[in-house]
Structure formats: C-alpha cells, structure tokens
$ cat work-v7.csv   # CSV, C-alpha atoms
chain,number,residue,atom,x,y,z
A,110,MET,CA,-57.1,87.8,-130.6
A,111,ALA,CA,-56.5,91.2,-132.1
A,112,PRO,CA,-57.0,91.4,-135.9
A,113,ALA,CA,-53.3,92.2,-136.4
A,114,ASP,CA,-52.4,89.1,-134.4
A,115,LYS,CA,-54.7,86.9,-136.4
A,116,ARG,CA,-53.4,88.2,-139.7
A,117,SER,CA,-49.8,87.6,-138.7
A,118,ARG,CA,-50.6,84.1,-137.3
A,119,LEU,CA,-52.1,83.3,-140.7
A,120,VAL,CA,-49.1,84.6,-142.6
A,121,ASN,CA,-46.7,82.7,-140.4
A,122,ALA,CA,-48.7,79.5,-140.8
A,123,ALA,CA,-48.7,80.1,-144.6
A,124,VAL,CA,-44.9,80.6,-144.6
A,125,SER,CA,-44.2,77.4,-142.8
A,126,LEU,CA,-46.7,75.2,-144.6
A,127,ALA,CA,-45.6,76.5,-148.0
A,128,TYR,CA,-42.0,75.8,-147.0
A,129,ARG,CA,-42.8,72.3,-145.7
A,130,ASP,CA,-45.3,71.1,-148.3
A,131,GLY,CA,-45.0,73.5,-151.2
A,132,PHE,CA,-47.3,76.5,-151.9
A,133,GLY,CA,-49.5,74.7,-154.4
A,134,ALA,CA,-50.1,71.8,-151.9
A,135,THR,CA,-51.2,74.2,-149.2
A,136,SER,CA,-54.9,75.2,-149.0
A,137,LEU,CA,-56.5,78.1,-147.2
A,138,ALA,CA,-58.1,75.5,-145.0
A,139,ASP,CA,-54.7,74.1,-144.0
A,140,ILE,CA,-53.5,77.6,-143.2
A,141,ALA,CA,-56.5,78.3,-141.1
A,142,SER,CA,-56.1,75.1,-139.2
A,143,GLU,CA,-52.4,75.6,-138.6
A,144,ALA,CA,-53.0,79.1,-137.3
A,145,ALA,CA,-56.0,78.0,-135.2
A,146,VAL,CA,-58.1,80.7,-136.9
A,147,PRO,CA,-61.7,79.7,-138.1
A,148,LEU,CA,-61.7,79.3,-141.9
A,149,GLY,CA,-64.6,81.8,-142.2
A,150,ASN,CA,-62.3,84.4,-140.7
A,151,VAL,CA,-59.5,83.8,-143.2
A,152,TYR,CA,-61.5,85.3,-146.0
A,153,TYR,CA,-61.6,88.6,-144.0
A,154,TYR,CA,-57.8,88.9,-144.4
A,155,PHE,CA,-57.2,87.0,-147.6
A,156,LYS,CA,-59.7,86.6,-150.4
A,157,THR,CA,-57.6,84.3,-152.5
A,158,LYS,CA,-54.6,82.0,-152.4
A,159,ASP,CA,-52.7,84.7,-154.4
A,160,GLU,CA,-53.2,87.2,-151.6
A,161,ILE,CA,-51.6,84.7,-149.2
A,162,GLY,CA,-48.7,84.3,-151.7
A,163,GLU,CA,-48.2,88.0,-151.8
A,164,ALA,CA,-48.1,88.2,-148.0
A,165,ILE,CA,-45.5,85.4,-147.9
A,166,VAL,CA,-43.3,87.3,-150.4
A,167,GLU,CA,-43.7,90.5,-148.3
A,168,LEU,CA,-42.6,88.7,-145.2
A,169,ARG,CA,-39.6,87.1,-147.0
A,170,LEU,CA,-38.6,90.5,-148.4
A,171,SER,CA,-38.6,92.1,-145.0
A,172,GLN,CA,-36.7,89.1,-143.5
A,173,MET,CA,-34.1,89.4,-146.3
A,174,ALA,CA,-33.7,93.1,-145.8
A,175,ALA,CA,-33.2,92.6,-142.0
A,176,MET,CA,-30.6,89.9,-142.7
A,177,LEU,CA,-28.7,92.0,-145.2
A,178,GLN,CA,-28.7,94.9,-142.7
A,179,ARG,CA,-27.2,92.6,-140.0
A,180,TRP,CA,-24.5,91.5,-142.4
A,181,ASP,CA,-23.8,95.1,-143.3
A,182,GLU,CA,-22.6,95.6,-139.8
A,183,GLU,CA,-19.4,93.7,-140.7
A,184,THR,CA,-16.7,96.1,-141.5
A,185,SER,CA,-15.1,94.5,-144.6
A,186,PRO,CA,-16.9,93.3,-147.7
A,187,LYS,CA,-15.1,89.9,-147.4
A,188,ASP,CA,-16.5,89.5,-143.9
A,189,ARG,CA,-20.0,90.3,-145.2
A,190,LEU,CA,-19.6,87.6,-147.9
A,191,TYR,CA,-18.4,85.1,-145.2
A,192,ARG,CA,-21.5,85.8,-143.2
A,193,CYS,CA,-23.7,85.1,-146.1
A,194,ILE,CA,-21.9,81.8,-146.9
A,195,GLU,CA,-21.9,80.8,-143.1
A,196,GLY,CA,-25.6,81.6,-143.0
A,197,VAL,CA,-26.2,78.8,-145.6
A,198,LEU,CA,-23.9,76.5,-143.7
A,199,ASP,CA,-25.7,77.1,-140.4
A,200,ASN,CA,-28.9,76.2,-142.2
A,201,LYS,CA,-27.6,72.9,-143.6
A,202,GLU,CA,-30.0,70.6,-141.7
A,203,SER,CA,-33.1,72.5,-142.9
A,204,LEU,CA,-31.7,72.7,-146.5
A,205,ALA,CA,-31.2,68.9,-146.5
A,206,ARG,CA,-34.7,68.4,-145.2
A,207,ARG,CA,-36.7,70.9,-147.3
A,208,GLY,CA,-34.4,72.8,-149.6
A,209,CYS,CA,-34.0,76.6,-149.6
A,210,ALA,CA,-37.2,78.4,-148.6
A,211,ILE,CA,-36.7,81.1,-151.3
A,212,GLY,CA,-35.3,78.9,-154.0
A,213,THR,CA,-38.0,76.2,-153.8
A,214,PHE,CA,-40.7,78.8,-153.5
A,215,CYS,CA,-39.5,80.7,-156.7
A,216,SER,CA,-38.9,77.5,-158.6
A,217,GLU,CA,-42.5,76.3,-157.8
A,218,LEU,CA,-44.2,79.7,-158.5
A,219,HIS,CA,-42.5,80.3,-161.8
A,220,LYS,CA,-43.9,77.0,-163.2
A,221,VAL,CA,-47.3,78.7,-162.8
A,222,GLY,CA,-46.2,82.3,-163.4
A,223,GLY,CA,-48.4,85.3,-162.5
A,224,ALA,CA,-48.1,88.2,-160.2
A,225,VAL,CA,-46.9,86.4,-157.1
A,226,ALA,CA,-44.1,84.7,-159.0
A,227,ALA,CA,-42.9,88.0,-160.4
A,228,LYS,CA,-43.0,89.5,-157.0
A,229,ALA,CA,-41.1,86.6,-155.5
A,230,THR,CA,-38.2,87.2,-157.9
A,231,GLY,CA,-37.7,90.5,-156.0
A,232,ILE,CA,-36.3,88.5,-153.1
A,233,PHE,CA,-33.4,87.3,-155.2
A,234,SER,CA,-33.0,90.7,-156.9
A,235,GLN,CA,-32.5,92.2,-153.5
A,236,TYR,CA,-29.9,89.5,-152.5
A,237,LEU,CA,-28.1,89.7,-155.8
A,238,SER,CA,-27.7,93.5,-155.7
A,239,TRP,CA,-26.4,93.3,-152.2
A,240,LEU,CA,-23.8,90.7,-153.3
A,241,GLU,CA,-22.8,92.8,-156.3
A,242,THR,CA,-22.3,95.8,-153.9
A,243,GLN,CA,-19.8,93.6,-151.9
A,244,PHE,CA,-17.9,92.5,-155.0
A,245,ARG,CA,-17.7,96.1,-156.2
A,246,ALA,CA,-16.4,97.2,-152.8
A,247,LEU,CA,-13.7,94.5,-153.4
A,248,GLY,CA,-12.7,96.4,-156.5
A,249,LYS,CA,-14.2,93.8,-159.0
A,250,GLY,CA,-15.8,96.6,-161.1
A,251,LYS,CA,-17.5,95.1,-164.2
A,252,ALA,CA,-16.9,91.6,-163.0
A,253,ALA,CA,-18.9,92.2,-159.8
A,254,ARG,CA,-22.2,91.1,-161.3
A,255,GLY,CA,-20.8,87.9,-162.6
A,256,HIS,CA,-19.2,87.1,-159.2
A,257,ALA,CA,-22.6,87.8,-157.5
A,258,VAL,CA,-24.4,85.5,-159.9
A,259,HIS,CA,-21.7,82.8,-159.4
A,260,LEU,CA,-22.0,82.9,-155.6
A,261,LEU,CA,-25.8,83.0,-155.5
A,262,SER,CA,-25.9,80.1,-158.1
A,263,ALA,CA,-23.5,78.0,-156.1
A,264,LEU,CA,-25.5,78.5,-152.9
A,265,GLN,CA,-28.8,77.8,-154.6
A,266,GLY,CA,-27.4,74.8,-156.4
A,267,ILE,CA,-25.9,73.2,-153.3
A,268,SER,CA,-29.2,73.8,-151.5
A,269,LEU,CA,-31.0,71.9,-154.2
A,270,LEU,CA,-28.5,69.0,-154.2
A,271,ALA,CA,-28.5,68.8,-150.3
A,272,HIS,CA,-32.3,68.7,-150.5
A,273,THR,CA,-32.4,66.0,-153.2
A,274,PHE,CA,-29.8,63.8,-151.5
A,275,HIS,CA,-31.0,64.8,-148.0
A,276,ASP,CA,-27.3,65.2,-147.2
A,277,PRO,CA,-26.2,68.3,-145.2
A,278,SER,CA,-22.5,67.4,-145.7
A,279,LEU,CA,-22.8,68.6,-149.3
A,280,VAL,CA,-23.4,72.1,-147.9
A,281,THR,CA,-20.3,71.8,-145.7
A,282,MET,CA,-18.2,70.7,-148.6
A,283,GLU,CA,-19.3,73.4,-151.0
A,284,THR,CA,-19.4,76.3,-148.6
A,285,ARG,CA,-15.8,75.5,-147.6
A,286,ARG,CA,-14.8,75.8,-151.2
A,287,LEU,CA,-16.8,79.1,-151.6
A,288,LYS,CA,-15.1,80.6,-148.6
A,289,ARG,CA,-11.7,79.8,-150.0
A,290,TRP,CA,-12.8,81.4,-153.3
A,291,VAL,CA,-13.8,84.6,-151.5
A,292,GLU,CA,-10.5,84.5,-149.5
A,293,ASP,CA,-8.5,84.3,-152.8
A,294,LEU,CA,-10.3,87.1,-154.5
B,300,MET,CA,-52.9,52.3,-181.6
B,301,ALA,CA,-50.7,49.4,-180.2
B,302,PRO,CA,-50.6,49.2,-176.4
B,303,ALA,CA,-46.8,50.0,-176.3
B,304,ASP,CA,-47.6,53.2,-178.4
B,305,LYS,CA,-50.3,54.2,-176.0
B,306,ARG,CA,-48.1,53.7,-173.0
B,307,SER,CA,-45.2,55.7,-174.4
B,308,ARG,CA,-47.6,58.5,-175.6
B,309,LEU,CA,-48.9,58.7,-172.0
B,310,VAL,CA,-45.4,58.8,-170.5
B,311,ASN,CA,-44.2,61.5,-173.0
B,312,ALA,CA,-47.3,63.6,-172.2
B,313,ALA,CA,-46.6,63.2,-168.5
B,314,VAL,CA,-43.0,64.2,-169.0
B,315,SER,CA,-43.9,67.4,-170.8
B,316,LEU,CA,-46.8,68.4,-168.6
B,317,ALA,CA,-44.8,67.8,-165.4
B,318,TYR,CA,-42.0,69.9,-166.8
B,319,ARG,CA,-44.4,72.7,-167.9
B,320,ASP,CA,-46.8,72.9,-165.0
B,321,GLY,CA,-45.1,70.8,-162.2
B,322,PHE,CA,-45.9,67.2,-161.3
B,323,GLY,CA,-48.3,68.0,-158.5
B,324,ALA,CA,-50.4,70.3,-160.8
B,325,THR,CA,-50.7,67.6,-163.5
B,326,SER,CA,-53.7,65.2,-163.2
B,327,LEU,CA,-54.2,61.8,-164.8
B,328,ALA,CA,-57.0,63.5,-166.8
B,329,ASP,CA,-54.6,66.2,-168.1
B,330,ILE,CA,-52.1,63.5,-169.2
B,331,ALA,CA,-54.8,61.4,-170.9
B,332,SER,CA,-56.1,64.5,-172.8
B,333,GLU,CA,-52.6,65.6,-173.8
B,334,ALA,CA,-51.8,62.1,-175.1
B,335,ALA,CA,-55.2,61.8,-176.8
B,336,VAL,CA,-55.9,58.5,-174.9
B,337,PRO,CA,-59.3,58.0,-173.2
B,338,LEU,CA,-59.0,58.5,-169.5
B,339,GLY,CA,-60.5,55.0,-168.9
B,340,ASN,CA,-57.6,53.5,-170.8
B,341,VAL,CA,-55.0,55.3,-168.6
B,342,TYR,CA,-55.9,53.1,-165.6
B,343,TYR,CA,-54.9,50.1,-167.6
B,344,TYR,CA,-51.3,51.4,-167.8
B,345,PHE,CA,-51.0,53.5,-164.6
B,346,LYS,CA,-53.2,52.8,-161.5
B,347,THR,CA,-51.9,55.8,-159.6
B,348,LYS,CA,-50.2,59.2,-160.0
B,349,ASP,CA,-47.1,57.6,-158.4
B,350,GLU,CA,-46.8,55.0,-161.1
B,351,ILE,CA,-46.7,57.9,-163.6
B,352,GLY,CA,-44.0,59.5,-161.5
B,353,GLU,CA,-42.0,56.3,-161.7
B,354,ALA,CA,-42.4,56.1,-165.4
B,355,ILE,CA,-41.2,59.7,-165.7
B,356,VAL,CA,-38.1,58.9,-163.6
B,357,GLU,CA,-37.3,55.8,-165.7
B,358,LEU,CA,-37.5,57.8,-168.9
B,359,ARG,CA,-35.3,60.6,-167.5
B,360,LEU,CA,-32.8,58.0,-166.3
B,361,SER,CA,-32.5,56.4,-169.7
B,362,GLN,CA,-32.2,59.8,-171.4
B,363,MET,CA,-29.5,60.7,-168.9
B,364,ALA,CA,-27.6,57.4,-169.6
B,365,ALA,CA,-27.8,58.0,-173.3
B,366,MET,CA,-26.5,61.6,-173.0
B,367,LEU,CA,-23.6,60.5,-170.8
B,368,GLN,CA,-22.8,57.8,-173.3
B,369,ARG,CA,-22.7,60.4,-176.1
B,370,TRP,CA,-20.4,62.7,-174.0
B,371,ASP,CA,-18.1,59.7,-173.3
B,372,GLU,CA,-17.3,59.6,-177.0
B,373,GLU,CA,-15.1,62.7,-176.5
B,374,THR,CA,-11.5,61.6,-176.1
B,375,SER,CA,-10.4,63.8,-173.2
B,376,PRO,CA,-12.1,64.3,-169.8
B,377,LYS,CA,-11.9,68.1,-170.2
B,378,ASP,CA,-13.8,67.8,-173.6
B,379,ARG,CA,-16.4,65.7,-171.8
B,380,LEU,CA,-16.9,68.4,-169.2
B,381,TYR,CA,-17.1,71.1,-171.8
B,382,ARG,CA,-19.9,69.1,-173.5
B,383,CYS,CA,-21.8,68.9,-170.3
B,384,ILE,CA,-21.4,72.7,-169.7
B,385,GLU,CA,-22.3,73.4,-173.4
B,386,GLY,CA,-25.4,71.2,-173.0
B,387,VAL,CA,-26.7,73.6,-170.3
B,388,LEU,CA,-25.8,76.6,-172.5
B,389,ASP,CA,-27.6,75.2,-175.5
B,390,ASN,CA,-30.7,74.7,-173.3
B,391,LYS,CA,-30.7,78.3,-171.9
B,392,GLU,CA,-34.0,79.4,-173.5
B,393,SER,CA,-35.9,76.4,-171.9
B,394,LEU,CA,-34.1,76.9,-168.6
B,395,ALA,CA,-35.2,80.6,-168.5
B,396,ARG,CA,-38.8,79.6,-169.3
B,397,ARG,CA,-39.3,76.5,-167.1
B,398,GLY,CA,-36.1,75.8,-165.2
B,399,CYS,CA,-34.2,72.5,-165.3
B,400,ALA,CA,-36.4,69.5,-165.9
B,401,ILE,CA,-34.6,67.3,-163.4
B,402,GLY,CA,-33.9,70.0,-160.8
B,403,THR,CA,-37.4,71.4,-160.6
B,404,PHE,CA,-38.8,67.8,-160.6
B,405,CYS,CA,-36.5,66.7,-157.7
B,406,SER,CA,-37.1,69.9,-155.8
B,407,GLU,CA,-40.9,69.5,-156.1
B,408,LEU,CA,-41.0,65.8,-155.3
B,409,HIS,CA,-38.7,66.0,-152.3
B,410,LYS,CA,-41.2,68.4,-150.6
B,411,VAL,CA,-43.6,65.5,-150.6
B,412,GLY,CA,-41.1,62.7,-150.2
B,413,GLY,CA,-42.0,59.0,-150.9
B,414,ALA,CA,-40.7,56.4,-153.3
B,415,VAL,CA,-40.8,58.5,-156.5
B,416,ALA,CA,-38.8,61.3,-154.9
B,417,ALA,CA,-36.2,58.7,-153.7
B,418,LYS,CA,-36.0,57.2,-157.2
B,419,ALA,CA,-35.7,60.7,-158.8
B,420,THR,CA,-32.5,61.3,-156.8
B,421,GLY,CA,-31.0,58.5,-158.8
B,422,ILE,CA,-30.9,60.8,-161.9
B,423,PHE,CA,-28.6,63.2,-160.1
B,424,SER,CA,-26.5,60.3,-158.6
B,425,GLN,CA,-25.8,59.0,-162.1
B,426,TYR,CA,-24.8,62.5,-163.3
B,427,LEU,CA,-22.6,63.1,-160.2
B,428,SER,CA,-20.7,59.8,-160.5
B,429,TRP,CA,-20.1,60.5,-164.2
B,430,LEU,CA,-18.7,64.0,-163.3
B,431,GLU,CA,-16.6,62.5,-160.6
B,432,THR,CA,-15.1,60.0,-163.0
B,433,GLN,CA,-14.1,62.9,-165.3
B,434,PHE,CA,-12.4,64.8,-162.5
B,435,ARG,CA,-10.6,61.6,-161.3
B,436,ALA,CA,-9.4,61.1,-164.9
B,437,LEU,CA,-8.0,64.6,-164.7
B,438,GLY,CA,-5.9,63.5,-161.7
B,439,LYS,CA,-8.0,65.2,-159.0
B,440,GLY,CA,-8.0,62.1,-156.7
B,441,LYS,CA,-9.8,62.8,-153.5
B,442,ALA,CA,-10.9,66.3,-154.6
B,443,ALA,CA,-12.8,64.8,-157.6
B,444,ARG,CA,-16.1,64.4,-155.6
B,445,GLY,CA,-15.9,68.1,-154.4
B,446,HIS,CA,-15.3,69.2,-158.0
B,447,ALA,CA,-18.2,67.2,-159.3
B,448,VAL,CA,-20.5,68.6,-156.6
B,449,HIS,CA,-19.3,72.1,-157.4
B,450,LEU,CA,-20.0,71.8,-161.1
B,451,LEU,CA,-23.4,70.3,-160.7
B,452,SER,CA,-24.3,72.9,-158.0
B,453,ALA,CA,-23.3,75.7,-160.2
B,454,LEU,CA,-25.3,74.3,-163.2
B,455,GLN,CA,-28.3,73.7,-161.1
B,456,GLY,CA,-28.1,77.1,-159.3
B,457,ILE,CA,-27.7,79.0,-162.6
B,458,SER,CA,-30.7,77.1,-164.0
B,459,LEU,CA,-32.8,78.1,-161.0
B,460,LEU,CA,-31.7,81.8,-161.3
B,461,ALA,CA,-32.3,81.9,-165.1
B,462,HIS,CA,-35.8,80.5,-164.4
B,463,THR,CA,-36.6,82.9,-161.6
B,464,PHE,CA,-35.4,86.0,-163.6
B,465,HIS,CA,-36.5,84.5,-167.0
B,466,ASP,CA,-33.1,85.5,-168.2
B,467,PRO,CA,-31.1,83.2,-170.4
B,468,SER,CA,-28.1,85.5,-170.4
B,469,LEU,CA,-27.4,84.4,-166.8
B,470,VAL,CA,-26.7,81.0,-168.2
B,471,THR,CA,-24.3,82.4,-170.8
B,472,MET,CA,-22.5,84.3,-168.1
B,473,GLU,CA,-22.1,81.5,-165.7
B,474,THR,CA,-21.2,78.7,-168.2
B,475,ARG,CA,-18.5,80.9,-169.6
B,476,ARG,CA,-17.0,81.1,-166.1
B,477,LEU,CA,-17.3,77.4,-165.6
B,478,LYS,CA,-15.6,76.6,-168.9
B,479,ARG,CA,-12.7,78.8,-167.8
B,480,TRP,CA,-12.6,77.0,-164.5
B,481,VAL,CA,-12.4,73.6,-166.2
B,482,GLU,CA,-9.7,74.9,-168.6
B,483,ASP,CA,-7.6,76.1,-165.6
B,484,LEU,CA,-7.8,72.8,-163.7
$ encode --input "work-v7.csv" --output "structure tokens"
Amino acid sequence: MAPADKRSRLVNAAVSLAYRDGFGATSLADIASEAAVPLGNVYYYFKTKDEIGEAIVELRLSQMAAMLQRWDEETSPKDRLYRCIEGVLDNKESLARRGCAIGTFCSELHKVGGAVAAKATGIFSQYLSWLETQFRALGKGKAARGHAVHLLSALQGISLLAHTFHDPSLVTMETRRLKRWVEDL
Amino acid sequence: MAPADKRSRLVNAAVSLAYRDGFGATSLADIASEAAVPLGNVYYYFKTKDEIGEAIVELRLSQMAAMLQRWDEETSPKDRLYRCIEGVLDNKESLARRGCAIGTFCSELHKVGGAVAAKATGIFSQYLSWLETQFRALGKGKAARGHAVHLLSALQGISLLAHTFHDPSLVTMETRRLKRWVEDL
C-alpha cells in the first residue's frame, strides 16, 4: 500500500468510527484495526489523537466545500436553499441512527475544548456564510444573517431530535415546513 | 453524612461533571472526588456507570416536570410558550459555554445506545408533549405536533450553534425570532 493510501484509509476509518461511536470513544488502535493498518504504522502518520481530529476536520471541510460548490450550480438562491434542505431530508435515516456528523462532532469536541474543537467550528462557519450569501441574494440585507442562523439551527435541531427519538419522520415533517418557509420569503 | 445526603451529593456531582466534560469522560472516581465521598462508598450506591446515568436522567426528569409545572402557572398558552423561550434566553451564557444539558447528554448517549439513552429520550418526550398541549390550546389541532417539533428543534439547534461558536448573541437573535413567531400564531 502506498503511504498516501494508508494515510487516507486511516482518515476515512477515523471519520466513520468518530461518527458511529463518538470521537472520544475511538482509540488509535480502533482506527488502525478498522483501516487494516498495523498500529505501529499509525504513529508514522499521526502522533496523537488530536492530529487525527485535525485530519477529520480537514476532510469534513473539503467535503463541505465540494457540497456547497455543487449547490452553487443551481441558478436561483431559493433553489440552492431547497438543495440544502433536501440534502438533510435525503440523509434522514442516518440522522435518526447517529445524528448529524458535524453537529455531534462539534457538540462532543466543544465539551473538551482545544485546538481541534476550534477548527471544527470552521465547518459551520463555512456553511453559515454560504447560507447568508443566499439570503442576501434574496434581498434580505441585514436580516440575512438571522435567516441563515434560523435555517441552520432548525436543521441541526431536527437532526438532534431525530437522533434522540430514532425517528426519521421528524426530519420529513420539519424539512417540509422549512421548504415552505423559504418558498414564502 | 446521612446515606440520603451522600447519594444526592453523588448524583449532583455526576450531573455537573457529565454536563461539563461529557458523560463518557466522567469516571466514578471523578464523581466520588467531586462529591467528596470515598470511592469505596460509591459502589454502595451505584454499582455501574449506567446506574449513575439512570440517576442523572431521573434528576433531569424531575427538574423538567417541576419547570413545566411552574410554566403552567401562566394563564395563557402563549405566555407559557414565551416562558419556555425566555428560559433558553436566560440560559444563554451556559449554552454558549457548554451547550444544552439535555441535548448534549442525549446526543452523546445515543451514539452508544442502551437503556440509559432510551430513558434519556423521555426528557424530550415530556417537553414535546407539553409544547404540543400549548399549541393545541392555541387551536392548532393537527398542526400542534409539527409546531412543537419546530420550536423544540429551533431551541436545540440554536443551543448547539451557540455552543459551537461560543456566542450567546446567537441565542438572543433566534429567541427574538421565535417569540415573534409565537406572537403571530
């Protein structure tokens, strides 16, 4: 296996285990075993758990950037916002099983604090600015920030409730309401 | 110290440590030390970490019931909903520092699953039924459930964002919007 392959297998394993079990509950040994890389090799790529945390954040940041770029292909800001709401709806089964990958990660990391937590916040900053841009394009001016915060809150909150109740239908219910809200803007 | 005192000191210590550091990161030894109870004594009250988890849920359930009973003293359903929104606003500094005590607890426990996680969901069920009762009293009929889910989602979501950005002003912004929403119903 080439070193780049090994590193990316380790990061992908870390991403799925942190999502499934929580970052704190995932050890370097778990990650090595999931990636089928000898534990001794892991230390060549990542000296500490924090370095794994940073690699997870970097992957999530680039996935988020790619997603926003795809949504930007829609011609109208409303269609972009629909895509974002539909993305959550499409994801309802995973949300009901494990919550939002970003939300649960940030919530967990910020109990502990530190550099990885601060870096993880950047994922939401990126998302929030993108949302704000859409509401500004809809002529919402000074209210754009509040609208962006409202939409991201609602999506995060419904993900948390769907997870807690293990009920994907809550996502269906709330995203329907949010689409109507965007429609009426 | 009387046994009842010791037990309640241990539960209170568990509640604060689980809120501050997360439940998974809190050991029986941490709880014993925070409560100033010898570790050997802890096993008399709680054999396992799960039993501590159940005691935390029971305390949270009774605190929630007491809070809802206080809010029920308001004469109109709208005033009761304002009280609930204002409760979150009053709590904005803690939310920005550590997130919502119930939301972060449920989010963390449901990664692991098990009996304590299932029991913790009961805290939100209780809250959600109470909200639904208020919206039904406002004549919302079949839409009452969706309104309750919307309000609880928004409050949970803004708590998560305030925590992630360590920014209490997000709570001020979103609760203002939610109060207007209730007003316009």
$ interface_residues --input "work-v7.csv" --of "chain B" --to "chain A" --cutoff "7 Å" --atoms "all atoms listed in the file" --output "VMD selection string"
chain B and resid 319 to 321 397 403 405 to 406 409 to 411 420 445 449 452 to 453 455 to 457 459 to 460 463 to 464 472 to 473
$ residues_around --input "work-v7.csv" --residues "region 430-439 of chain B" --least-positions-apart "5" --cutoff "8 Å" --atoms "all atoms listed in the file" --output "ChimeraX atom specification"
/B:376-377,379-380,444,446-447
$ atom_distance --input "work-v7.csv" --atom1 "CA of Ala354 (chain B)" --atom2 "CA of Asp389 (chain B)"
26.2 Å
$ closest_residue --input "work-v7.csv" --among "B:Ile401, B:Thr347, B:Lys305, B:Ile355" --to "Glu333 (chain B)" --atoms "only C-alpha atoms"
B:Lys305
$ residues_around --input "work-v7.csv" --residues "Ala334 (chain B)" --least-positions-apart "2" --cutoff "12 Å" --atoms "all atoms listed in the file" --output "count of residues only"
25
$ atom_distance --input "work-v7.csv" --atom1 "CA of Cys383 (chain B)" --atom2 "CA of Ser468 (chain B)"
17.8 Å
$ atom_distance --input "work-v7.csv" --atom1 "CA of Glu392 (chain B)" --atom2 "CA of Asp466 (chain B)"
8.1 Å
$ closest_residue --input "work-v7.csv" --among "A:Glu183, A:Gly149, A:Leu177, A:Lys228" --to "Glu163 (chain A)" --atoms "all atoms listed in the file"
A:Lys228
$ closest_residue --input "work-v7.csv" --among "A:Pro277, A:Arg285, A:Ala111, A:Ala224" --to "Asn200 (chain A)" --atoms "only C-alpha atoms"
A:Pro277
$ build_atoms --input "work-v7.csv" --residues "region 427-450 of chain B" --atoms "N, CA and C atoms" --output "PDB file, in the coordinates of the input"
ATOM      1  N   LEU B 427     -23.734  62.780-161.143  1.00  0.00           N
ATOM      2  CA  LEU B 427     -22.600  63.100-160.200  1.00  0.00           C
ATOM      3  C   LEU B 427     -21.498  62.121-160.325  1.00  0.00           C
ATOM      4  N   SER B 428     -21.814  60.835-160.427  1.00  0.00           N
ATOM      5  CA  SER B 428     -20.700  59.800-160.500  1.00  0.00           C
ATOM      6  C   SER B 428     -19.983  60.015-161.840  1.00  0.00           C
ATOM      7  N   TRP B 429     -20.744  60.326-162.903  1.00  0.00           N
ATOM      8  CA  TRP B 429     -20.100  60.500-164.200  1.00  0.00           C
ATOM      9  C   TRP B 429     -19.112  61.729-164.100  1.00  0.00           C
ATOM     10  N   LEU B 430     -19.575  62.822-163.478  1.00  0.00           N
ATOM     11  CA  LEU B 430     -18.700  64.000-163.300  1.00  0.00           C
ATOM     12  C   LEU B 430     -17.476  63.646-162.503  1.00  0.00           C
ATOM     13  N   GLU B 431     -17.695  62.909-161.424  1.00  0.00           N
ATOM     14  CA  GLU B 431     -16.600  62.500-160.600  1.00  0.00           C
ATOM     15  C   GLU B 431     -15.550  61.702-161.337  1.00  0.00           C
ATOM     16  N   THR B 432     -16.037  60.811-162.195  1.00  0.00           N
ATOM     17  CA  THR B 432     -15.100  60.000-163.000  1.00  0.00           C
ATOM     18  C   THR B 432     -14.254  60.909-163.904  1.00  0.00           C
ATOM     19  N   GLN B 433     -14.855  61.967-164.440  1.00  0.00           N
ATOM     20  CA  GLN B 433     -14.100  62.900-165.300  1.00  0.00           C
ATOM     21  C   GLN B 433     -12.988  63.598-164.493  1.00  0.00           C
ATOM     22  N   PHE B 434     -13.367  64.066-163.303  1.00  0.00           N
ATOM     23  CA  PHE B 434     -12.400  64.800-162.500  1.00  0.00           C
ATOM     24  C   PHE B 434     -11.290  63.847-161.986  1.00  0.00           C
ATOM     25  N   ARG B 435     -11.666  62.587-161.753  1.00  0.00           N
ATOM     26  CA  ARG B 435     -10.600  61.600-161.300  1.00  0.00           C
ATOM     27  C   ARG B 435      -9.684  61.364-162.504  1.00  0.00           C
ATOM     28  N   ALA B 436     -10.232  61.288-163.715  1.00  0.00           N
ATOM     29  CA  ALA B 436      -9.400  61.100-164.900  1.00  0.00           C
ATOM     30  C   ALA B 436      -8.461  62.297-165.125  1.00  0.00           C
ATOM     31  N   LEU B 437      -8.856  63.444-164.574  1.00  0.00           N
ATOM     32  CA  LEU B 437      -8.000  64.600-164.700  1.00  0.00           C
ATOM     33  C   LEU B 437      -6.971  64.671-163.522  1.00  0.00           C
ATOM     34  N   GLY B 438      -6.915  63.588-162.753  1.00  0.00           N
ATOM     35  CA  GLY B 438      -5.900  63.500-161.700  1.00  0.00           C
ATOM     36  C   GLY B 438      -6.303  64.199-160.407  1.00  0.00           C
ATOM     37  N   LYS B 439      -7.601  64.438-160.203  1.00  0.00           N
ATOM     38  CA  LYS B 439      -8.000  65.200-159.000  1.00  0.00           C
ATOM     39  C   LYS B 439      -8.153  64.357-157.766  1.00  0.00           C
ATOM     40  N   GLY B 440      -8.006  63.049-157.908  1.00  0.00           N
ATOM     41  CA  GLY B 440      -8.000  62.100-156.700  1.00  0.00           C
ATOM     42  C   GLY B 440      -9.150  62.404-155.780  1.00  0.00           C
ATOM     43  N   LYS B 441      -8.779  62.637-154.522  1.00  0.00           N
ATOM     44  CA  LYS B 441      -9.800  62.800-153.500  1.00  0.00           C
ATOM     45  C   LYS B 441     -10.637  64.070-153.667  1.00  0.00           C
ATOM     46  N   ALA B 442     -10.123  65.045-154.423  1.00  0.00           N
ATOM     47  CA  ALA B 442     -10.900  66.300-154.600  1.00  0.00           C
ATOM     48  C   ALA B 442     -11.943  66.111-155.727  1.00  0.00           C
ATOM     49  N   ALA B 443     -11.927  64.958-156.418  1.00  0.00           N
ATOM     50  CA  ALA B 443     -12.800  64.800-157.600  1.00  0.00           C
ATOM     51  C   ALA B 443     -14.304  64.908-157.180  1.00  0.00           C
ATOM     52  N   ARG B 444     -14.668  64.347-156.047  1.00  0.00           N
ATOM     53  CA  ARG B 444     -16.100  64.400-155.600  1.00  0.00           C
ATOM     54  C   ARG B 444     -16.488  65.884-155.379  1.00  0.00           C
ATOM     55  N   GLY B 445     -15.642  66.642-154.683  1.00  0.00           N
ATOM     56  CA  GLY B 445     -15.900  68.100-154.400  1.00  0.00           C
ATOM     57  C   GLY B 445     -16.073  68.852-155.711  1.00  0.00           C
ATOM     58  N   HIS B 446     -15.200  68.555-156.677  1.00  0.00           N
ATOM     59  CA  HIS B 446     -15.300  69.200-158.000  1.00  0.00           C
ATOM     60  C   HIS B 446     -16.592  68.918-158.680  1.00  0.00           C
ATOM     61  N   ALA B 447     -16.968  67.649-158.615  1.00  0.00           N
ATOM     62  CA  ALA B 447     -18.200  67.200-159.300  1.00  0.00           C
ATOM     63  C   ALA B 447     -19.417  67.919-158.616  1.00  0.00           C
ATOM     64  N   VAL B 448     -19.411  67.963-157.287  1.00  0.00           N
ATOM     65  CA  VAL B 448     -20.500  68.600-156.600  1.00  0.00           C
ATOM     66  C   VAL B 448     -20.517  70.125-156.924  1.00  0.00           C
ATOM     67  N   HIS B 449     -19.341  70.726-157.021  1.00  0.00           N
ATOM     68  CA  HIS B 449     -19.300  72.100-157.400  1.00  0.00           C
ATOM     69  C   HIS B 449     -19.858  72.422-158.743  1.00  0.00           C
ATOM     70  N   LEU B 450     -19.476  71.607-159.707  1.00  0.00           N
ATOM     71  CA  LEU B 450     -20.000  71.800-161.100  1.00  0.00           C
ATOM     72  C   LEU B 450     -21.470  71.616-161.176  1.00  0.00           C
TER      73      LEU B 450
END
